[in-house]
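Engineer: Data file data33.txt (compact mmCIF, C-alpha atoms) is appended below.
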```txt
# COMPACT_ATOMS: atom_id res chain seq x y z
CA MET A 27 171.27 -16.88 70.09
CA SER A 28 174.02 -17.46 72.60
CA ARG A 29 173.86 -15.16 75.59
CA GLN A 30 177.39 -15.85 76.79
CA GLY A 31 179.04 -12.62 77.95
CA LEU A 32 175.95 -10.53 77.23
CA GLY A 33 174.82 -10.14 80.84
CA PRO A 34 171.45 -10.84 82.39
CA ILE A 35 168.31 -11.32 80.30
CA ALA A 36 165.49 -8.77 80.39
CA CYS A 37 163.00 -8.75 83.23
CA PRO A 38 159.40 -7.44 82.95
CA ARG A 39 159.82 -5.49 86.20
CA GLU A 40 162.70 -3.30 85.00
CA GLN A 41 160.41 -0.39 84.14
CA GLU A 42 158.90 -0.48 87.63
CA ILE A 43 162.38 -0.13 89.07
CA VAL A 44 163.23 2.81 86.83
CA ASP A 45 159.93 4.51 87.70
CA LEU A 46 160.43 4.03 91.41
CA VAL A 47 164.02 5.32 91.32
CA ALA A 48 162.89 8.30 89.22
CA SER A 49 160.14 9.13 91.70
CA GLY A 50 162.68 9.16 94.54
CA HIS A 51 160.74 6.53 96.53
CA TRP A 52 163.08 3.60 96.08
CA SER A 53 163.39 3.12 99.83
CA ASP A 54 159.60 2.62 100.04
CA GLY A 55 159.49 -0.20 97.51
CA ASP A 56 160.16 -3.20 99.74
CA GLY A 57 158.78 -5.73 97.27
CA LEU A 58 160.82 -4.39 94.39
CA ARG A 59 163.95 -4.13 96.49
CA ALA A 60 163.65 -7.78 97.41
CA HIS A 61 163.10 -8.65 93.75
CA ALA A 62 166.11 -6.60 92.63
CA ALA A 63 168.28 -8.43 95.13
CA ASP A 64 167.51 -11.73 93.38
CA CYS A 65 167.14 -10.60 89.74
CA ALA A 66 170.39 -9.85 87.90
CA ALA A 67 168.67 -7.82 85.18
CA CYS A 68 166.85 -5.63 87.70
CA ALA A 69 170.00 -5.23 89.80
CA GLU A 70 171.83 -3.97 86.71
CA THR A 71 168.93 -1.71 85.78
CA LEU A 72 168.82 -0.36 89.32
CA GLU A 73 172.52 0.40 89.38
CA LEU A 74 172.48 2.19 86.02
CA ALA A 75 169.26 4.07 86.77
CA ARG A 76 170.70 5.35 90.05
CA LEU A 77 173.96 6.32 88.39
CA LEU A 78 172.29 8.12 85.50
CA GLN A 79 169.78 9.87 87.71
CA ALA A 80 172.49 11.06 90.08
CA ASP A 81 174.37 12.40 87.06
CA HIS A 82 171.21 14.03 85.74
CA LYS A 83 170.53 15.67 89.09
CA ALA A 84 174.10 16.95 89.42
CA LEU A 85 174.09 18.33 85.88
CA CYS A 86 170.73 20.04 86.39
CA GLU A 87 171.92 21.66 89.61
CA LYS A 88 175.03 23.07 87.95
CA ALA A 89 173.47 23.82 84.55
CA PRO A 90 174.50 27.36 83.58
CA VAL A 91 171.23 28.16 81.82
CA PRO A 92 170.46 31.78 80.92
CA SER A 93 167.30 33.41 82.23
CA ALA A 94 164.01 32.87 80.40
CA GLY A 95 163.89 36.60 79.67
CA ALA A 96 167.29 36.56 77.99
CA VAL A 97 166.39 33.57 75.83
CA TRP A 98 163.06 35.18 74.88
CA TRP A 99 164.76 38.45 74.07
CA ARG A 100 167.42 36.87 71.84
CA ALA A 101 164.72 34.88 70.07
CA THR A 102 162.72 38.08 69.52
CA ILE A 103 165.67 39.91 68.01
CA ARG A 104 166.55 36.97 65.81
CA ALA A 105 162.97 36.54 64.61
CA ARG A 106 162.84 40.19 63.69
CA ALA A 107 166.14 40.05 61.83
CA GLU A 108 164.95 37.01 59.89
CA ALA A 109 161.65 38.70 59.09
CA ALA A 110 163.50 41.78 57.82
CA ARG A 111 165.78 39.63 55.69
CA THR A 112 162.85 37.72 54.21
CA ALA A 113 160.94 40.94 53.50
CA GLY A 114 164.04 42.46 51.91
CA GLN A 115 164.46 39.73 49.32
CA PRO A 116 161.69 40.88 46.90
CA ILE A 117 162.78 44.51 47.28
CA THR A 118 166.32 43.59 46.29
CA LEU A 119 164.95 41.80 43.25
CA LEU A 120 162.86 44.83 42.29
CA GLN A 121 165.86 47.08 42.76
CA GLY A 122 167.82 44.93 40.35
CA ILE A 123 165.05 45.01 37.74
CA ALA A 124 164.66 48.76 38.13
CA ALA A 125 168.39 49.34 37.81
CA ALA A 126 168.56 47.16 34.69
CA THR A 127 165.58 48.99 33.17
CA ALA A 128 167.09 52.37 33.92
CA LEU A 129 170.41 51.32 32.42
CA GLY A 130 168.70 50.04 29.29
CA LEU A 131 166.77 53.26 28.87
CA PHE A 132 169.89 55.29 29.44
CA VAL A 133 171.79 53.37 26.77
CA ALA A 134 168.88 53.68 24.34
CA LEU A 135 168.54 57.43 24.88
CA ALA A 136 172.29 57.96 24.74
CA GLY A 137 172.34 56.09 21.43
CA ALA A 138 169.53 58.24 20.07
CA TRP A 139 171.28 61.38 21.19
CA TRP A 140 174.57 60.26 19.67
CA ARG A 141 172.81 59.54 16.38
CA SER A 142 171.37 63.04 16.32
CA ILE A 143 174.72 64.79 16.81
CA ALA A 144 177.10 62.48 15.00
CA PRO A 145 175.56 60.95 11.89
CA GLY A 146 177.87 58.69 9.95
CA GLY A 147 180.13 55.72 10.66
CA VAL A 148 179.76 52.19 9.40
CA TRP A 149 177.76 50.75 12.25
CA PHE A 150 175.60 53.81 12.37
CA GLU A 151 174.75 53.68 8.66
CA ARG A 152 173.39 50.21 9.20
CA ALA A 153 171.41 51.44 12.15
CA GLY A 154 170.28 54.36 10.03
CA ASP A 155 168.79 51.95 7.51
CA LEU A 156 166.82 50.38 10.29
CA VAL A 157 165.60 53.75 11.45
CA SER A 158 164.68 54.83 7.90
CA ARG A 159 162.61 51.67 7.55
CA SER A 160 160.73 52.62 10.67
CA ALA A 161 160.29 56.18 9.42
CA ALA A 162 156.80 55.21 8.43
CA VAL A 163 155.92 55.48 12.12
CA PRO A 164 154.15 58.78 12.61
CA ALA A 165 156.22 61.52 14.24
CA ALA A 166 153.62 62.02 16.98
CA LEU A 167 153.93 58.35 17.98
CA SER A 168 157.72 58.55 18.11
CA LEU A 169 157.49 61.61 20.29
CA SER A 170 155.04 59.89 22.64
CA LEU A 171 157.35 56.91 22.88
CA LEU A 172 160.25 59.16 23.72
CA VAL A 173 158.24 60.92 26.42
CA VAL A 174 157.22 57.59 27.99
CA LEU A 175 160.81 56.37 27.96
CA ALA A 176 162.04 59.58 29.56
CA ALA A 177 159.32 59.39 32.20
CA CYS A 178 160.34 55.83 33.01
CA LEU A 179 163.94 56.93 33.34
CA ILE A 180 162.96 59.60 35.84
CA LEU A 181 160.33 57.60 37.69
CA ALA A 182 162.25 54.33 38.09
CA PRO A 183 164.77 55.64 40.67
CA LEU A 184 161.95 57.50 42.43
CA ALA A 185 159.90 54.30 42.67
CA VAL A 186 162.90 52.40 44.02
CA TYR A 187 163.46 55.10 46.62
CA LEU A 188 159.82 55.03 47.74
CA ALA A 189 159.84 51.24 47.95
CA THR A 190 162.98 51.01 50.03
CA ALA A 191 162.80 54.16 52.19
CA ASP A 192 162.44 53.54 55.95
CA PHE A 193 159.81 56.11 56.90
CA GLU A 194 159.70 54.93 60.56
CA SER A 195 163.07 56.40 61.49
CA MET B 14 177.19 52.75 77.47
CA HIS B 15 174.85 53.41 74.57
CA GLU B 16 171.60 55.06 75.71
CA MET B 17 168.45 54.17 73.84
CA THR B 18 166.42 56.87 72.16
CA LEU B 19 162.64 56.90 72.27
CA SER B 20 162.46 55.77 68.70
CA GLU B 21 164.75 52.81 69.47
CA LEU B 22 162.61 51.89 72.46
CA SER B 23 159.44 52.02 70.40
CA ARG B 24 161.15 49.81 67.82
CA LEU B 25 162.05 47.30 70.51
CA ASP B 26 158.48 47.31 71.78
CA ALA B 27 157.29 46.74 68.24
CA ALA B 28 159.78 43.88 67.91
CA ALA B 29 158.44 42.30 71.08
CA SER B 30 154.85 42.48 69.90
CA GLU B 31 155.86 41.17 66.47
CA ALA B 32 157.55 38.24 68.18
CA ASP B 33 154.38 37.46 70.10
CA GLU B 34 152.63 37.15 66.76
CA VAL B 35 155.38 35.06 65.16
CA PHE B 36 156.00 32.73 68.11
CA GLN B 37 153.64 29.94 69.01
CA MET B 38 153.36 30.97 72.69
CA ASP B 39 153.37 34.26 74.55
CA GLU B 40 156.15 35.42 76.82
CA ASP B 41 154.51 34.42 80.10
CA ALA B 42 153.74 30.91 78.89
CA PHE B 43 157.28 30.64 77.56
CA ARG B 44 158.79 31.68 80.89
CA LEU B 45 156.82 29.03 82.76
CA PHE B 46 157.69 26.34 80.26
CA TYR B 47 161.36 27.37 80.18
CA GLU B 48 161.72 27.31 83.97
CA ARG B 49 160.44 23.74 83.99
CA THR B 50 162.48 22.42 81.08
CA ALA B 51 165.70 24.40 80.60
CA ARG B 52 167.87 22.50 83.07
CA PRO B 53 166.88 19.00 81.93
CA VAL B 54 167.34 20.06 78.30
CA TRP B 55 170.75 21.50 79.05
CA ALA B 56 171.75 18.32 80.91
CA TYR B 57 170.56 16.23 77.95
CA LEU B 58 172.46 18.35 75.45
CA ALA B 59 175.57 18.37 77.61
CA ARG B 60 175.61 14.58 77.99
CA MET B 61 174.79 13.93 74.35
CA THR B 62 177.46 16.28 72.99
CA GLY B 63 179.94 15.85 75.84
CA ASP B 64 180.62 19.57 75.56
CA ALA B 65 179.26 22.23 77.92
CA ARG B 66 179.81 25.11 75.51
CA GLN B 67 177.93 23.40 72.72
CA ALA B 68 175.13 22.66 75.16
CA ASP B 69 174.86 26.40 75.90
CA ASP B 70 174.56 27.25 72.21
CA LEU B 71 172.19 24.42 71.40
CA LEU B 72 169.91 25.31 74.29
CA GLN B 73 169.21 28.73 72.81
CA GLU B 74 168.76 27.24 69.35
CA ALA B 75 166.40 24.53 70.61
CA TYR B 76 164.07 27.06 72.26
CA TYR B 77 164.19 29.33 69.23
CA ARG B 78 163.15 26.48 66.94
CA LEU B 79 160.41 25.49 69.35
CA LEU B 80 159.06 29.04 69.37
CA ARG B 81 159.13 29.25 65.58
CA ALA B 82 157.64 25.80 65.04
CA LYS B 83 154.21 25.61 63.48
CA ALA B 84 153.33 22.50 65.48
CA THR B 85 150.39 22.40 67.88
CA TYR B 86 150.46 20.57 71.19
CA ASP B 87 147.66 18.94 73.15
CA THR B 88 149.54 19.11 76.43
CA ASP B 89 152.68 20.51 77.97
CA ALA B 90 154.13 17.00 77.89
CA HIS B 91 153.78 16.96 74.09
CA ARG B 92 155.54 20.28 73.86
CA ARG B 93 158.29 18.96 76.10
CA ASN B 94 158.70 15.86 73.92
CA TYR B 95 158.88 18.07 70.86
CA LEU B 96 161.56 20.19 72.53
CA PHE B 97 163.64 17.10 73.21
CA ARG B 98 163.14 16.00 69.62
CA ILE B 99 164.50 19.34 68.44
CA ALA B 100 167.41 18.97 70.85
CA THR B 101 168.11 15.48 69.51
CA ASN B 102 168.10 16.74 65.92
CA LEU B 103 170.47 19.55 66.85
CA VAL B 104 172.87 17.08 68.43
CA HIS B 105 172.73 14.95 65.26
CA ASP B 106 173.49 18.03 63.16
CA ILE B 107 176.42 18.96 65.39
CA ARG B 108 177.79 15.44 65.15
CA ARG B 109 178.06 15.78 61.38
CA ARG B 110 180.36 18.79 61.76
CA PRO B 111 183.97 18.66 62.94
CA ARG B 112 184.34 19.51 66.65
CA VAL B 113 186.15 22.71 67.59
CA ASP B 114 187.12 23.91 71.08
CA ALA B 115 185.18 21.26 72.93
CA VAL B 116 184.93 21.81 76.67
CA PRO B 117 184.95 18.40 78.38
CA MET B 118 182.10 18.06 80.83
CA SER B 119 184.06 16.49 83.67
CA ASP B 120 186.72 19.23 83.65
CA GLU B 121 184.23 22.00 83.73
CA LEU B 122 181.51 20.77 85.98
CA ASP B 123 182.94 18.39 88.54
CA HIS B 124 184.49 20.35 91.35
CA ALA B 125 184.14 17.79 94.14
CA ASP B 126 186.42 18.27 97.10
CA PRO B 127 188.84 15.31 97.05
CA ARG B 128 189.08 15.45 100.87
CA GLN B 129 185.49 14.29 101.07
CA THR B 130 185.65 10.60 100.27
CA ASP B 131 182.00 10.23 99.32
CA ALA B 132 182.03 13.27 97.12
CA ALA B 133 185.26 12.18 95.46
CA ALA B 134 183.90 8.70 94.85
CA HIS B 135 180.69 10.19 93.46
CA ALA B 136 182.65 12.50 91.17
CA ALA B 137 184.87 9.62 90.02
CA ARG B 138 181.78 7.54 89.26
CA ARG B 139 180.31 10.36 87.23
CA VAL B 140 183.53 10.73 85.27
CA ASP B 141 183.44 6.99 84.60
CA LEU B 142 179.84 7.28 83.46
CA SER B 143 180.63 10.26 81.26
CA ARG B 144 183.46 8.40 79.54
CA ALA B 145 181.44 5.22 79.21
CA MET B 146 178.55 7.15 77.67
CA ALA B 147 180.95 8.71 75.19
CA LEU B 148 181.86 5.21 73.98
CA LEU B 149 178.26 4.29 73.22
CA LYS B 150 176.46 4.92 69.96
CA PRO B 151 174.51 8.19 69.89
CA ARG B 152 171.19 6.34 69.77
CA GLU B 153 172.16 4.25 72.79
CA ARG B 154 173.12 7.37 74.76
CA GLU B 155 169.81 9.02 73.91
CA LEU B 156 167.78 5.98 74.88
CA LEU B 157 169.55 5.47 78.19
CA TRP B 158 169.41 9.11 79.15
CA LEU B 159 165.75 9.54 78.34
CA ALA B 160 164.73 6.28 79.99
CA TYR B 161 166.91 6.14 83.07
CA ALA B 162 168.06 9.70 83.76
CA GLN B 163 164.80 11.42 82.92
CA GLY B 164 162.45 8.55 83.59
CA SER B 165 160.61 9.01 80.28
CA SER B 166 158.09 6.35 79.30
CA HIS B 167 158.59 4.22 76.22
CA GLN B 168 155.90 6.23 74.41
CA GLU B 169 157.68 9.47 75.21
CA ILE B 170 161.02 8.09 74.10
CA ALA B 171 159.47 6.86 70.86
CA ALA B 172 157.96 10.30 70.21
CA THR B 173 161.23 12.07 70.95
CA LEU B 174 163.49 9.80 68.92
CA ARG B 175 160.94 9.02 66.18
CA LEU B 176 161.05 5.31 66.81
CA LYS B 177 158.33 2.70 67.16
CA THR B 178 157.17 2.29 70.74
CA SER B 179 157.30 -1.47 70.32
CA SER B 180 161.02 -1.36 69.51
CA ILE B 181 162.06 0.74 72.51
CA LYS B 182 162.19 -2.11 74.97
CA ALA B 183 164.62 -4.19 72.92
CA LEU B 184 166.77 -1.18 71.98
CA LEU B 185 166.90 -0.06 75.57
CA PHE B 186 167.82 -3.51 76.74
CA ARG B 187 170.76 -3.65 74.33
CA ALA B 188 171.88 -0.14 75.22
CA ARG B 189 171.74 -0.97 78.92
CA GLN B 190 173.86 -4.05 78.38
CA ARG B 191 176.39 -2.07 76.40
CA LEU B 192 176.72 0.57 79.09
CA ALA B 193 177.00 -2.03 81.83
CA ALA B 194 179.70 -3.85 79.85
CA VAL B 195 181.68 -0.65 79.21
CA LEU B 196 181.48 0.30 82.87
CA ARG B 197 182.62 -3.18 83.91
CA GLU B 198 185.57 -2.95 81.52
CA ARG B 199 186.55 0.40 82.98
CA GLU B 200 186.37 -0.93 86.53
CA SER B 201 188.41 -4.06 85.81
```
Just dump the structure as structure tokens.
Structural biologist:
Amino acid sequence: MSRQGLGPIACPREQEIVDLVASGHWSDGDGLRAHAADCAACAETLELARLLQADHKALCEKAPVPSAGAVWWRATIRARAEAARTAGQPITLLQGIAAATALGLFVALAGAWWRSIAPGGVWFERAGDLVSRSAAVPAALSLSLLVVLAACLILAPLAVYLATADFES
Amino acid sequence: MHEMTLSELSRLDAAASEADEVFQMDEDAFRLFYERTARPVWAYLARMTGDARQADDLLQEAYYRLLRAKATYDTDAHRRNYLFRIATNLVHDIRRRPRVDAVPMSDELDHADPRQTDAAAHAARRVDLSRAMALLKPRERELLWLAYAQGSSHQEIAATLRLKTSSIKALLFRARQRLAAVLRERES
């Protein structure tokens, strides 16, 4: 490959130059200094290494970094907030399920109540047929079912409250 | 100012102890590590993004991710390499987003007195370097900074940038040539 205009070729001693400049002992490296004076690649490496390290040093001196305590503290707060958010996700899901269950029970009980006080109507006659077919179910069982449904309706909001209440505060 | 109640204080204490459990190092170890690494990391972020304000934000984010990381480290040097890898990834993420309210490095940080010839020349050289670095590819900037500004070994650079150690020499050589060429163009 043509090297025209690409600058000097690589030299195996470049890394030594970078290491010596980084250690701050460039003035002690007589052998390397003499080599860099004759080697174009090392001269270029030396110039760039000095330039970049001077820039690095200046930036580090002026770097407006916050204190370690402040960074730790912000990290602590953020970790806690993330933990709370993660822990809250299943509770939110349960709340949704509980709310849907409660609503379903409410609609079912409201329908049953409406049937008991207002018999009649087209849609209700059809529903009545359905109920009459299930009339074979013993009355005691129907009553038990009703009691369980009512208990669920009462207990569901209570369970949601107990699951979500913050007892620490 | 809002005064904390006892219950708030106990909550904050609880938060601190929870953090100790969640984070992969305790507060004392973190302080020591931070004191040694924060300024070089900030300098790296500032030069890679070319924006001091972004460097401030990314610094906090980099340490947070390090604290939350599940990785284990044999030595402090490994942890340091991992921190620079996180910083590099953050810079890549930032690059994918449009830049807003960038604060140019040279405007904010170079306050050399123009009456002092040496200082002015030094500042001018740094501005040249900053602009030349901005013209390089991100990978070239990272390689040059890690190798020449920080004096990282090829193994360390490879670990930070997730490259093969054997390819660092050639990549670095090309990056060095690019920077030298850009600087020469600016001078001529």
Engineer: Starting from the point (160.4, 56.7, 28.2), work out which residues of protein, DNA or RNA have an atom no more than 12 Å away when counting only C-alpha atoms; state them as an MDAnalysis selection string.
Structural biologist: chainID A and resid 127:128 130:135 168:182
Engineer: Looking at B:Leu156, B:Ala90, B:Ala42, B:Ala134, which one is nearest to Arg191 (chain B), with distances taken over all atoms listed in the file?
Structural biologist: B:Leu156
Engineer: Using only C-alpha atoms, can you tell me which of A:Ser49, A:His61, A:Pro38, A:Cys86 comes closest to chain B?
Structural biologist: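 Selected residue with least distance to chain B: A:Cys86.
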Engineer: For chain B, which residue out of A:Ile35, A:Ala62, A:Ala75, A:Ile117 is the nearest one, using all atoms listed in the file?
Structural biologist: A:Ala75
Engineer: Would you mind telling me which residue in B:Glu169, B:Asp131, B:Asp106, B:Asp89 lies nearest to Arg49 (chain B) when using only C-alpha atoms?
Structural biologist: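 Going through B:Glu169, B:Asp131, B:Asp106, B:Asp89 one by one, the smallest distance to Arg49 (chain B) is for B:Asp89.
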Engineer: Give me the chain B side of the contact with chain A, cut-off 8 Å, one line per residue showing its nearest atom pair and distance in Å at one decimal, counting only C-alpha atoms, sorted by chain and residue number, as a Markdown table.
Structural biologist:
```
| residue | atom | partner | partner_atom | distance |
| --- | --- | --- | --- | --- |
| B:Ser20 | CA | A:Ser195 | CA | 7.3 |
| B:Ala28 | CA | A:Arg106 | CA | 6.4 |
| B:Ala29 | CA | A:Thr102 | CA | 6.2 |
| B:Glu31 | CA | A:Arg106 | CA | 7.6 |
| B:Ala32 | CA | A:Thr102 | CA | 5.3 |
| B:Val35 | CA | A:Ala105 | CA | 7.8 |
| B:Glu40 | CA | A:Trp98 | CA | 7.2 |
| B:Phe43 | CA | A:Ala94 | CA | 7.6 |
| B:Arg44 | CA | A:Ala94 | CA | 5.4 |
| B:Tyr47 | CA | A:Ala94 | CA | 6.1 |
| B:Glu48 | CA | A:Ala94 | CA | 7.0 |
| B:Ala51 | CA | A:Val91 | CA | 6.8 |
| B:Arg52 | CA | A:Cys86 | CA | 5.0 |
| B:Pro53 | CA | A:Cys86 | CA | 6.0 |
| B:Trp55 | CA | A:Ala89 | CA | 6.6 |
| B:Ala56 | CA | A:Leu85 | CA | 5.5 |
| B:Asp69 | CA | A:Val91 | CA | 7.2 |
| B:Gln73 | CA | A:Val97 | CA | 6.4 |
| B:Tyr76 | CA | A:Val97 | CA | 7.8 |
| B:Tyr77 | CA | A:Ala101 | CA | 5.6 |
| B:Leu122 | CA | A:Lys88 | CA | 7.2 |
| B:Arg138 | CA | A:Leu77 | CA | 8.0 |
| B:Arg139 | CA | A:Asp81 | CA | 6.3 |
| B:Leu142 | CA | A:Leu77 | CA | 7.7 |
| B:Trp158 | CA | A:Leu78 | CA | 7.0 |
| B:Ala160 | CA | A:Val44 | CA | 7.8 |
| B:Tyr161 | CA | A:Ala75 | CA | 4.8 |
| B:Ala162 | CA | A:Gln79 | CA | 4.3 |
| B:Gln163 | CA | A:Gln79 | CA | 7.1 |
| B:Gly164 | CA | A:Ala48 | CA | 5.7 |
| B:Phe186 | CA | A:Ala36 | CA | 6.8 |
| B:Arg189 | CA | A:Thr71 | CA | 7.5 |
| B:Gln190 | CA | A:Gly33 | CA | 6.6 |
| B:Ala193 | CA | A:Glu70 | CA | 7.4 |
```
Engineer: Using all atoms listed in the file, which protein or nucleic acid residues come within 12 Å of Leu148 (chain B)? Drop anything in the same chain fewer than 2 positions from it, and give the result as a compact mmCIF listing (two decimals) with C-alpha atoms, in the coordinates of the input.
Structural biologist:
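Once everything was written out, this is result03.txt:
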```
# COMPACT_ATOMS: atom_id res chain seq x y z
CA ARG B 60 175.61 14.58 77.99
CA MET B 61 174.79 13.93 74.35
CA THR B 62 177.46 16.28 72.99
CA GLY B 63 179.94 15.85 75.84
CA ASP B 141 183.44 6.99 84.60
CA LEU B 142 179.84 7.28 83.46
CA SER B 143 180.63 10.26 81.26
CA ARG B 144 183.46 8.40 79.54
CA ALA B 145 181.44 5.22 79.21
CA MET B 146 178.55 7.15 77.67
CA LYS B 150 176.46 4.92 69.96
CA PRO B 151 174.51 8.19 69.89
CA ARG B 152 171.19 6.34 69.77
CA GLU B 153 172.16 4.25 72.79
CA ARG B 154 173.12 7.37 74.76
CA ALA B 188 171.88 -0.14 75.22
CA ARG B 191 176.39 -2.07 76.40
CA LEU B 192 176.72 0.57 79.09
CA ALA B 193 177.00 -2.03 81.83
CA ALA B 194 179.70 -3.85 79.85
CA VAL B 195 181.68 -0.65 79.21
CA LEU B 196 181.48 0.30 82.87
CA GLU B 198 185.57 -2.95 81.52
CA ARG B 199 186.55 0.40 82.98
```
Engineer: Got a sec: who's within 10 Å of Asn94 (chain B), counting all atoms listed in the file, leaving out chain neighbours fewer than 3 positions off, as a list of chain:residue names?
Structural biologist: B:Tyr86, B:Asp89, B:Ala90, B:His91, B:Phe97, B:Arg98, B:Ile99, B:Ala100, B:Ser165, B:Glu169, B:Ile170, B:Ala171, B:Ala172, B:Thr173, B:Leu174
Engineer: Work out how far CA of Arg81 (chain B) is from CA of Ala113 (chain A), in Å to one decimal.
Structural biologist: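 Computing the Euclidean distance for CA of Ala113 (chain A) and CA of Arg81 (chain B) yields 16.9 Å.
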Engineer: Any idea what the distance is between CA of Leu129 (chain A) and CA of Pro183 (chain A)?
Structural biologist: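 Separation of CA of Leu129 (chain A) and CA of Pro183 (chain A): 10.9 Å.
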Engineer: One number please: CA of Val54 (chain B) to CA of Asp70 (chain B), in Å, one decimal.
Structural biologist: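 Interatomic distance here is 11.9 Å.
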Engineer: Within 12 Å of Leu120 (chain A), counting only C-alpha atoms, which residues qualify if same-chain residues fewer than 3 places away don't, as number ranges by chain?
Structural biologist: A: 114-117, 123-127, 182-183, 185-190
Engineer: Please, could N, CA and C atoms be added to region 64-77 of chain B and the result written as a compact mmCIF listing (two decimals), in the frame of the given file?
Structural biologist:
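After the write, selection-v2.txt holds the following:
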```
# COMPACT_ATOMS: atom_id res chain seq x y z
N ASP B 64 179.97 18.26 75.65
CA ASP B 64 180.62 19.57 75.56
C ASP B 64 179.69 20.64 76.14
N ALA B 65 180.11 21.25 77.23
CA ALA B 65 179.26 22.23 77.92
C ALA B 65 178.98 23.46 77.06
N ARG B 66 180.00 23.89 76.32
CA ARG B 66 179.81 25.11 75.51
C ARG B 66 178.80 24.88 74.39
N GLN B 67 178.90 23.71 73.78
CA GLN B 67 177.93 23.40 72.72
C GLN B 67 176.52 23.30 73.30
N ALA B 68 176.45 22.77 74.52
CA ALA B 68 175.13 22.66 75.16
C ALA B 68 174.52 24.05 75.36
N ASP B 69 175.35 25.02 75.72
CA ASP B 69 174.86 26.40 75.90
C ASP B 69 174.26 26.93 74.59
N ASP B 70 175.01 26.74 73.51
CA ASP B 70 174.56 27.25 72.21
C ASP B 70 173.30 26.53 71.73
N LEU B 71 173.32 25.22 71.90
CA LEU B 71 172.19 24.42 71.40
C LEU B 71 170.92 24.67 72.20
N LEU B 72 171.09 25.02 73.46
CA LEU B 72 169.91 25.31 74.29
C LEU B 72 169.13 26.48 73.69
N GLN B 73 169.86 27.55 73.40
CA GLN B 73 169.21 28.73 72.81
C GLN B 73 168.55 28.37 71.48
N GLU B 74 169.27 27.62 70.67
CA GLU B 74 168.76 27.24 69.35
C GLU B 74 167.51 26.37 69.48
N ALA B 75 167.54 25.45 70.43
CA ALA B 75 166.40 24.53 70.61
C ALA B 75 165.14 25.33 70.97
N TYR B 76 165.25 26.28 71.87
CA TYR B 76 164.07 27.06 72.26
C TYR B 76 163.62 27.97 71.12
N TYR B 77 164.57 28.47 70.37
CA TYR B 77 164.19 29.33 69.23
C TYR B 77 163.38 28.51 68.21
```
